[in-house]
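Asks: The structure is given below, and queries will be raised subsequently.
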Amino acid sequence: MSSPLPDWLVKLYPFEPKRFDTGRGVMSYLDEGAGDEAVVMVHGNPTWSFYYRNLVLGLRGQLRCIVPDHLGCGLSDKPQDFNYTLSEHIRNLRALLDRLNLRRIHLIVHDWGGPIGLGTVLPKPAQLGRVVILNTAAFADTIVPRRIRLCRAPVIGEWLVRGLNGFAWPATWMAVTTPLAPDVKRGYLYPYDNWANRIATHRFVVDIPTGGGSASDRALGGIEPKLTLLRDHPVRILWGGQDFCFNRHYYNRWKVLLPGANADYFESAGHYVLEDAGQQCLQEIGNFLNIA
């Protein structure tokens, strides 16, 4: 999606995305601010860099903000023949960060951004600074909600997700507790307007590791042992308590894994915690990154 954005979206997302050719497709990414120290914000499914728009607006004057759209997501290319697996998304993000030649990387992760972002930076822990964890997991677990299992089902799952937009659209009301403004809802759905453009939305669901020995199970198995390296870094956990997928079970697992992390549990916020508790999160993240 390299065509100009509509005016209504530019008002919410007032950025000029950059482009990076991965060799498998072109990634769109935000690069706002300056310096060789940056906060990298990694989104999940079915969001895109739009999810972090208010954080970028709040932080970019003091700290460089890098926010990629994974291939198949947001304003990035959506190749129909790409292997949309965890290891491939990690490879693309690593290539982008290597190209940017950053000295220090602070990381904010949400949903699939957890395993992708942490799988990208933990092999180079000396480069890693501070980490913010938002409703995600980067460890093996077998809890998959029934509504997500339905979207994984052969044939019917793809028809629901790609044909009826039965993942990105329901998320605009199931992932929040406070209704989104109409144009914000349109913003989340903007990149996912037809069958072809919803390929990654479906492939992410299919790729959820469940312990069955898939390629992404193996990739996650390589990430999980490295999570203890986070104990050597400042970590902030901000969690939406009304998340039907990444529920309190996952929050508690992070608390056990990272007992030194400072954590807040926003009881009334949903999976899109940056929507339901946006101002609190911006303040806490700014304080945590020492730029507020």
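Labeling convention for the structure tokens: chains A, B, ... as they appear, residues from 1 per chain, ligands from 1 in order of appearance.
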Leaving out stretch 273-275 of chain A and any residue of its chain fewer than 4 positions from it, which residues lie within 8 Å of it when counting only C-alpha atoms, given as JSON, numbers by chain?
Replies: {"A": [51, 52, 134, 135, 176, 180, 238, 239, 240, 269, 279, 281]}
Asks: Next, dump the selected residues to file, keeping only N, CA and C atoms, as an mmCIF file, in the first residue's frame.
Replies:
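The file below, part_11.cif, is the result:
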```
data_model
loop_
_atom_site.group_PDB
_atom_site.id
_atom_site.type_symbol
_atom_site.label_atom_id
_atom_site.label_comp_id
_atom_site.auth_asym_id
_atom_site.auth_seq_id
_atom_site.Cartn_x
_atom_site.Cartn_y
_atom_site.Cartn_z
ATOM 1 N N TYR A 51 -1.430 0.815 15.831
ATOM 2 C CA TYR A 51 -1.668 0.543 17.254
ATOM 3 C C TYR A 51 -0.805 1.423 18.147
ATOM 4 N N TYR A 52 0.391 1.771 17.678
ATOM 5 C CA TYR A 52 1.346 2.533 18.488
ATOM 6 C C TYR A 52 1.334 4.029 18.169
ATOM 7 N N LEU A 134 3.399 -5.795 26.780
ATOM 8 C CA LEU A 134 1.967 -5.497 26.751
ATOM 9 C C LEU A 134 1.208 -6.733 26.258
ATOM 10 N N ASN A 135 0.481 -7.400 27.091
ATOM 11 C CA ASN A 135 -0.424 -8.490 26.700
ATOM 12 C C ASN A 135 0.135 -9.350 25.574
ATOM 13 N N VAL A 176 -11.339 -4.434 23.089
ATOM 14 C CA VAL A 176 -11.424 -3.218 23.898
ATOM 15 C C VAL A 176 -12.629 -3.302 24.821
ATOM 16 N N LEU A 180 -14.257 1.888 20.365
ATOM 17 C CA LEU A 180 -13.370 2.714 19.571
ATOM 18 C C LEU A 180 -14.169 3.762 18.816
ATOM 19 N N LEU A 238 2.740 -3.861 31.409
ATOM 20 C CA LEU A 238 1.474 -3.127 31.459
ATOM 21 C C LEU A 238 0.424 -4.017 30.804
ATOM 22 N N TRP A 239 -0.605 -4.390 31.546
ATOM 23 C CA TRP A 239 -1.473 -5.481 31.113
ATOM 24 C C TRP A 239 -2.949 -5.104 31.191
ATOM 25 N N GLY A 240 -3.670 -5.387 30.121
ATOM 26 C CA GLY A 240 -5.114 -5.219 30.116
ATOM 27 C C GLY A 240 -5.788 -6.441 30.711
ATOM 28 N N ALA A 269 -9.147 -2.748 31.362
ATOM 29 C CA ALA A 269 -8.683 -2.602 29.977
ATOM 30 C C ALA A 269 -8.677 -3.946 29.268
ATOM 31 N N GLN A 279 -3.562 6.809 28.036
ATOM 32 C CA GLN A 279 -2.875 7.884 28.733
ATOM 33 C C GLN A 279 -2.011 7.357 29.876
ATOM 34 N N CYS A 281 -0.703 4.363 30.037
ATOM 35 C CA CYS A 281 0.431 3.647 29.448
ATOM 36 C C CYS A 281 1.485 4.616 28.936
#
```
Asks: Just list the residues in stretch 121-231 of chain A DSSP gives alpha helix (DSSP H) on the backbone, as a ChimeraX atom specification.
Replies: /A:121,146-152,156-158,168-174,182-189,199-206,215-223
Asks: Could you write out that same residue set with N, CA and C atoms as a short mmCIF file (atom, residue, chain, number, x, y, z; two decimals), in the first residue's frame?
Replies:
```cif
data_model
loop_
_atom_site.label_atom_id
_atom_site.label_comp_id
_atom_site.auth_asym_id
_atom_site.auth_seq_id
_atom_site.Cartn_x
_atom_site.Cartn_y
_atom_site.Cartn_z
N VAL A 121 15.76 -9.54 19.27
CA VAL A 121 16.77 -8.79 20.02
C VAL A 121 17.53 -9.64 21.02
N ARG A 146 -11.46 -20.83 22.29
CA ARG A 146 -12.25 -21.54 21.29
C ARG A 146 -12.50 -20.69 20.04
N ARG A 147 -12.76 -19.39 20.22
CA ARG A 147 -13.04 -18.54 19.07
C ARG A 147 -11.82 -18.41 18.16
N ILE A 148 -10.60 -18.51 18.73
CA ILE A 148 -9.40 -18.49 17.91
C ILE A 148 -9.17 -19.85 17.26
N ARG A 149 -9.48 -20.92 17.98
CA ARG A 149 -9.37 -22.25 17.39
C ARG A 149 -10.27 -22.39 16.17
N LEU A 150 -11.43 -21.77 16.20
CA LEU A 150 -12.33 -21.81 15.06
C LEU A 150 -11.69 -21.16 13.84
N CYS A 151 -10.97 -20.07 14.05
CA CYS A 151 -10.31 -19.38 12.93
C CYS A 151 -9.12 -20.17 12.39
N ARG A 152 -8.67 -21.18 13.14
CA ARG A 152 -7.58 -22.05 12.68
C ARG A 152 -8.09 -23.28 11.93
N ILE A 156 -12.87 -23.73 6.80
CA ILE A 156 -13.78 -22.74 7.36
C ILE A 156 -13.03 -21.60 8.02
N GLY A 157 -11.87 -21.88 8.62
CA GLY A 157 -11.10 -20.83 9.27
C GLY A 157 -10.64 -19.78 8.29
N GLU A 158 -10.10 -20.21 7.17
CA GLU A 158 -9.65 -19.26 6.16
C GLU A 158 -10.83 -18.48 5.58
N ALA A 168 -9.93 -9.53 12.18
CA ALA A 168 -9.62 -8.12 12.39
C ALA A 168 -10.86 -7.32 12.77
N TRP A 169 -12.00 -7.61 12.12
CA TRP A 169 -13.21 -6.84 12.44
C TRP A 169 -13.71 -7.13 13.85
N PRO A 170 -13.88 -8.39 14.27
CA PRO A 170 -14.34 -8.61 15.65
C PRO A 170 -13.38 -8.03 16.69
N ALA A 171 -12.08 -7.98 16.37
CA ALA A 171 -11.12 -7.43 17.33
C ALA A 171 -11.38 -5.97 17.64
N THR A 172 -12.00 -5.24 16.72
CA THR A 172 -12.24 -3.82 16.96
C THR A 172 -13.27 -3.59 18.06
N TRP A 173 -14.00 -4.62 18.44
CA TRP A 173 -14.89 -4.48 19.60
C TRP A 173 -14.63 -5.51 20.69
N MET A 174 -14.02 -6.66 20.33
CA MET A 174 -13.73 -7.68 21.34
C MET A 174 -12.44 -7.40 22.10
N PRO A 182 -15.28 5.77 15.59
CA PRO A 182 -15.47 5.19 14.26
C PRO A 182 -14.24 5.25 13.38
N ASP A 183 -13.52 6.36 13.34
CA ASP A 183 -12.35 6.44 12.47
C ASP A 183 -11.18 5.62 13.01
N VAL A 184 -11.10 5.44 14.31
CA VAL A 184 -10.07 4.57 14.87
C VAL A 184 -10.34 3.13 14.45
N LYS A 185 -11.60 2.72 14.52
CA LYS A 185 -11.97 1.38 14.05
C LYS A 185 -11.64 1.23 12.57
N ARG A 186 -11.96 2.23 11.77
CA ARG A 186 -11.63 2.20 10.34
C ARG A 186 -10.12 2.10 10.14
N GLY A 187 -9.36 2.77 11.01
CA GLY A 187 -7.90 2.73 10.88
C GLY A 187 -7.35 1.33 11.08
N TYR A 188 -7.86 0.62 12.07
CA TYR A 188 -7.40 -0.75 12.29
C TYR A 188 -7.73 -1.64 11.10
N LEU A 189 -8.86 -1.42 10.47
CA LEU A 189 -9.31 -2.28 9.38
C LEU A 189 -8.79 -1.86 8.02
N ILE A 199 -4.18 -12.05 4.16
CA ILE A 199 -3.43 -13.31 4.21
C ILE A 199 -2.68 -13.47 5.51
N ALA A 200 -1.98 -12.43 5.97
CA ALA A 200 -1.19 -12.57 7.20
C ALA A 200 -2.10 -12.70 8.42
N THR A 201 -3.26 -12.05 8.40
CA THR A 201 -4.20 -12.17 9.51
C THR A 201 -4.55 -13.64 9.74
N HIS A 202 -4.78 -14.35 8.66
CA HIS A 202 -5.10 -15.78 8.78
C HIS A 202 -3.86 -16.60 9.11
N ARG A 203 -2.75 -16.32 8.44
CA ARG A 203 -1.54 -17.13 8.65
C ARG A 203 -1.01 -17.00 10.07
N PHE A 204 -1.13 -15.83 10.66
CA PHE A 204 -0.72 -15.69 12.06
C PHE A 204 -1.53 -16.63 12.96
N VAL A 205 -2.83 -16.72 12.71
CA VAL A 205 -3.67 -17.59 13.53
C VAL A 205 -3.28 -19.05 13.34
N VAL A 206 -3.05 -19.44 12.11
CA VAL A 206 -2.64 -20.81 11.82
C VAL A 206 -1.29 -21.12 12.46
N ALA A 215 7.06 -25.69 12.80
CA ALA A 215 8.25 -24.84 12.67
C ALA A 215 8.23 -23.72 13.70
N SER A 216 7.05 -23.17 13.98
CA SER A 216 6.98 -22.10 14.95
C SER A 216 7.08 -22.59 16.38
N ASP A 217 6.67 -23.83 16.63
CA ASP A 217 6.96 -24.43 17.94
C ASP A 217 8.46 -24.50 18.16
N ARG A 218 9.17 -24.90 17.12
CA ARG A 218 10.63 -24.99 17.25
C ARG A 218 11.25 -23.60 17.40
N ALA A 219 10.73 -22.64 16.67
CA ALA A 219 11.26 -21.27 16.80
C ALA A 219 11.02 -20.73 18.20
N LEU A 220 9.81 -20.94 18.71
CA LEU A 220 9.51 -20.48 20.06
C LEU A 220 10.38 -21.21 21.08
N GLY A 221 10.66 -22.48 20.82
CA GLY A 221 11.54 -23.23 21.71
C GLY A 221 12.94 -22.66 21.78
N GLY A 222 13.35 -21.95 20.74
CA GLY A 222 14.64 -21.28 20.77
C GLY A 222 14.62 -19.95 21.49
N ILE A 223 13.44 -19.35 21.59
CA ILE A 223 13.30 -18.05 22.25
C ILE A 223 13.13 -18.19 23.75
#
```
Asks: Between A:Gly211, A:Pro79, A:Pro123, A:Gly241, which residue has the minimum interatomic distance to A:Glu267, considering only C-alpha atoms?
Replies: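 Using only C-alpha atoms, A:Glu267 sits closest to A:Gly241.
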Asks: Taking only C-alpha atoms into account, name the residue in A:Thr47, A:Ser76, A:Gln62, A:Asn83 that is nearest to A:Ala175.
Replies: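 The answer is A:Thr47, which sits nearest to A:Ala175.
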Asks: Quick one: pull the distance between atom CA of A:Asp193 and atom CA of A:Asp69, Å, one decimal.
Replies: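 Answer for the atom CA of A:Asp193 to atom CA of A:Asp69 separation: 16.1 Å.
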Asks: What is the distance, in Å and to one decimal place, between atom CA of A:His271 and atom CA of A:Ile133?
Replies: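 The value is 12.3 Å.
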Asks: Env of A:Tyr250: 12 Å cut, atoms = only C-alpha atoms, seq-sep filter 6 positions within chain, self excluded. Answer as a ChimeraX atom specification.
Replies: /A:111,133-144,237,239-241,243-244,256-257,265
Asks: Got time to write the residues from that selection, C-alpha atoms, as a PDB file, in the first residue's frame?
Replies:
```pdb
ATOM      1  CA  ASP A 111       0.596  -9.871  21.035  1.00  0.00           C
ATOM      2  CA  ILE A 133       5.620  -6.028  27.737  1.00  0.00           C
ATOM      3  CA  LEU A 134       1.967  -5.497  26.751  1.00  0.00           C
ATOM      4  CA  ASN A 135      -0.424  -8.490  26.700  1.00  0.00           C
ATOM      5  CA  THR A 136       1.748 -11.032  24.968  1.00  0.00           C
ATOM      6  CA  ALA A 137       3.574 -14.311  25.469  1.00  0.00           C
ATOM      7  CA  ALA A 138       6.925 -15.596  24.272  1.00  0.00           C
ATOM      8  CA  PHE A 139       6.798 -19.011  25.899  1.00  0.00           C
ATOM      9  CA  ALA A 140       5.022 -22.261  25.096  1.00  0.00           C
ATOM     10  CA  ASP A 141       1.459 -22.687  26.293  1.00  0.00           C
ATOM     11  CA  THR A 142      -1.501 -24.796  25.224  1.00  0.00           C
ATOM     12  CA  ILE A 143      -4.303 -22.364  26.093  1.00  0.00           C
ATOM     13  CA  VAL A 144      -5.978 -21.259  22.841  1.00  0.00           C
ATOM     14  CA  ILE A 237       4.727  -4.959  32.298  1.00  0.00           C
ATOM     15  CA  TRP A 239      -1.473  -5.481  31.113  1.00  0.00           C
ATOM     16  CA  GLY A 240      -5.114  -5.219  30.116  1.00  0.00           C
ATOM     17  CA  GLY A 241      -7.088  -7.377  32.536  1.00  0.00           C
ATOM     18  CA  ASP A 243      -8.108  -9.820  27.571  1.00  0.00           C
ATOM     19  CA  PHE A 244      -9.912 -13.055  26.671  1.00  0.00           C
ATOM     20  CA  VAL A 256       7.088 -15.656  37.808  1.00  0.00           C
ATOM     21  CA  LEU A 257       9.570 -15.533  34.946  1.00  0.00           C
ATOM     22  CA  TYR A 265      -2.607  -4.805  35.794  1.00  0.00           C
TER      23      TYR A 265
END
```
Asks: I need the residue nearest A:Ser49 from this list: A:Gly163, A:Pro6, A:Pro191, A:Gly33. Use only C-alpha atoms for the distance.
Replies: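 Nearest to A:Ser49: A:Pro191.
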Asks: Determine which residues of stretch 55-208 of chain A receive a DSSP assignment of strand (DSSP E or B), computed from the backbone, and state them as a PyMOL selection string.
Replies: chain A and resi 64-68+104-111+128-136
Asks: Go ahead and write the residues just picked, C-alpha atoms, as a PDB file, in the first residue's frame.
Replies:
```pdb
ATOM      1  CA  ARG A  64      13.695   7.898  18.133  1.00  0.00           C
ATOM      2  CA  CYS A  65      10.744   5.592  17.421  1.00  0.00           C
ATOM      3  CA  ILE A  66      10.974   2.657  14.994  1.00  0.00           C
ATOM      4  CA  VAL A  67       7.670   0.911  14.289  1.00  0.00           C
ATOM      5  CA  PRO A  68       7.565  -1.734  11.542  1.00  0.00           C
ATOM      6  CA  ARG A 104      20.843   0.765  21.687  1.00  0.00           C
ATOM      7  CA  ILE A 105      17.361  -0.713  21.290  1.00  0.00           C
ATOM      8  CA  HIS A 106      14.539  -0.343  23.785  1.00  0.00           C
ATOM      9  CA  LEU A 107      11.657  -2.653  23.003  1.00  0.00           C
ATOM     10  CA  ILE A 108       7.872  -2.493  23.312  1.00  0.00           C
ATOM     11  CA  VAL A 109       5.974  -5.648  22.359  1.00  0.00           C
ATOM     12  CA  HIS A 110       2.321  -6.637  22.080  1.00  0.00           C
ATOM     13  CA  ASP A 111       0.596  -9.871  21.035  1.00  0.00           C
ATOM     14  CA  LEU A 128      19.092  -4.272  24.339  1.00  0.00           C
ATOM     15  CA  GLY A 129      18.088  -1.583  26.798  1.00  0.00           C
ATOM     16  CA  ARG A 130      14.658  -1.422  28.443  1.00  0.00           C
ATOM     17  CA  VAL A 131      11.676  -3.648  27.631  1.00  0.00           C
ATOM     18  CA  VAL A 132       7.931  -2.995  27.883  1.00  0.00           C
ATOM     19  CA  ILE A 133       5.620  -6.028  27.737  1.00  0.00           C
ATOM     20  CA  LEU A 134       1.967  -5.497  26.751  1.00  0.00           C
ATOM     21  CA  ASN A 135      -0.424  -8.490  26.700  1.00  0.00           C
ATOM     22  CA  THR A 136       1.748 -11.032  24.968  1.00  0.00           C
TER      23      THR A 136
END
```
Asks: Applying 10 Å and only C-alpha atoms, which residues near A:Lys226 remain after dropping the ones on its own chain fewer than 6 positions away? List them as a PyMOL selection string.
Replies: chain A and resi 118-119+122-123+125
Asks: Could the residues in this selection be saved with N, CA and C atoms as a PDB file, in the first residue's frame?
Replies:
```pdb
ATOM      1  N   LEU A 118      11.164 -10.156  20.786  1.00  0.00           N
ATOM      2  CA  LEU A 118      12.153 -10.758  21.683  1.00  0.00           C
ATOM      3  C   LEU A 118      13.014 -11.769  20.939  1.00  0.00           C
ATOM      4  N   GLY A 119      12.427 -12.486  19.995  1.00  0.00           N
ATOM      5  CA  GLY A 119      13.221 -13.407  19.187  1.00  0.00           C
ATOM      6  C   GLY A 119      14.230 -12.703  18.327  1.00  0.00           C
ATOM      7  N   LEU A 122      16.937 -10.708  21.543  1.00  0.00           N
ATOM      8  CA  LEU A 122      17.632 -11.459  22.591  1.00  0.00           C
ATOM      9  C   LEU A 122      18.920 -12.133  22.123  1.00  0.00           C
ATOM     10  N   PRO A 123      19.050 -12.507  20.845  1.00  0.00           N
ATOM     11  CA  PRO A 123      20.365 -13.017  20.420  1.00  0.00           C
ATOM     12  C   PRO A 123      21.479 -11.981  20.494  1.00  0.00           C
ATOM     13  N   PRO A 125      21.911  -9.444  23.233  1.00  0.00           N
ATOM     14  CA  PRO A 125      21.450  -8.786  24.469  1.00  0.00           C
ATOM     15  C   PRO A 125      22.240  -7.528  24.817  1.00  0.00           C
TER      16      PRO A 125
END
```
Asks: In terms of the shortest atom-to-atom distance over only C-alpha atoms, which of A:Ser28, A:Thr120, A:Thr228, A:Asn101 is closest to A:Leu86?
Replies: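 Nearest to A:Leu86: A:Thr120.
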Asks: Please compute the atom CA of A:Asp21-atom CA of A:Gln80 distance, one decimal, in Å.
Replies: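 Separation between atom CA of A:Asp21 and atom CA of A:Gln80: 16.1 Å.
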Asks: Quick one: of A:Gly213, A:Gly58, A:Pro225, A:Pro259, who's nearest to A:Leu282, counting only C-alpha atoms?
Replies: A:Gly58
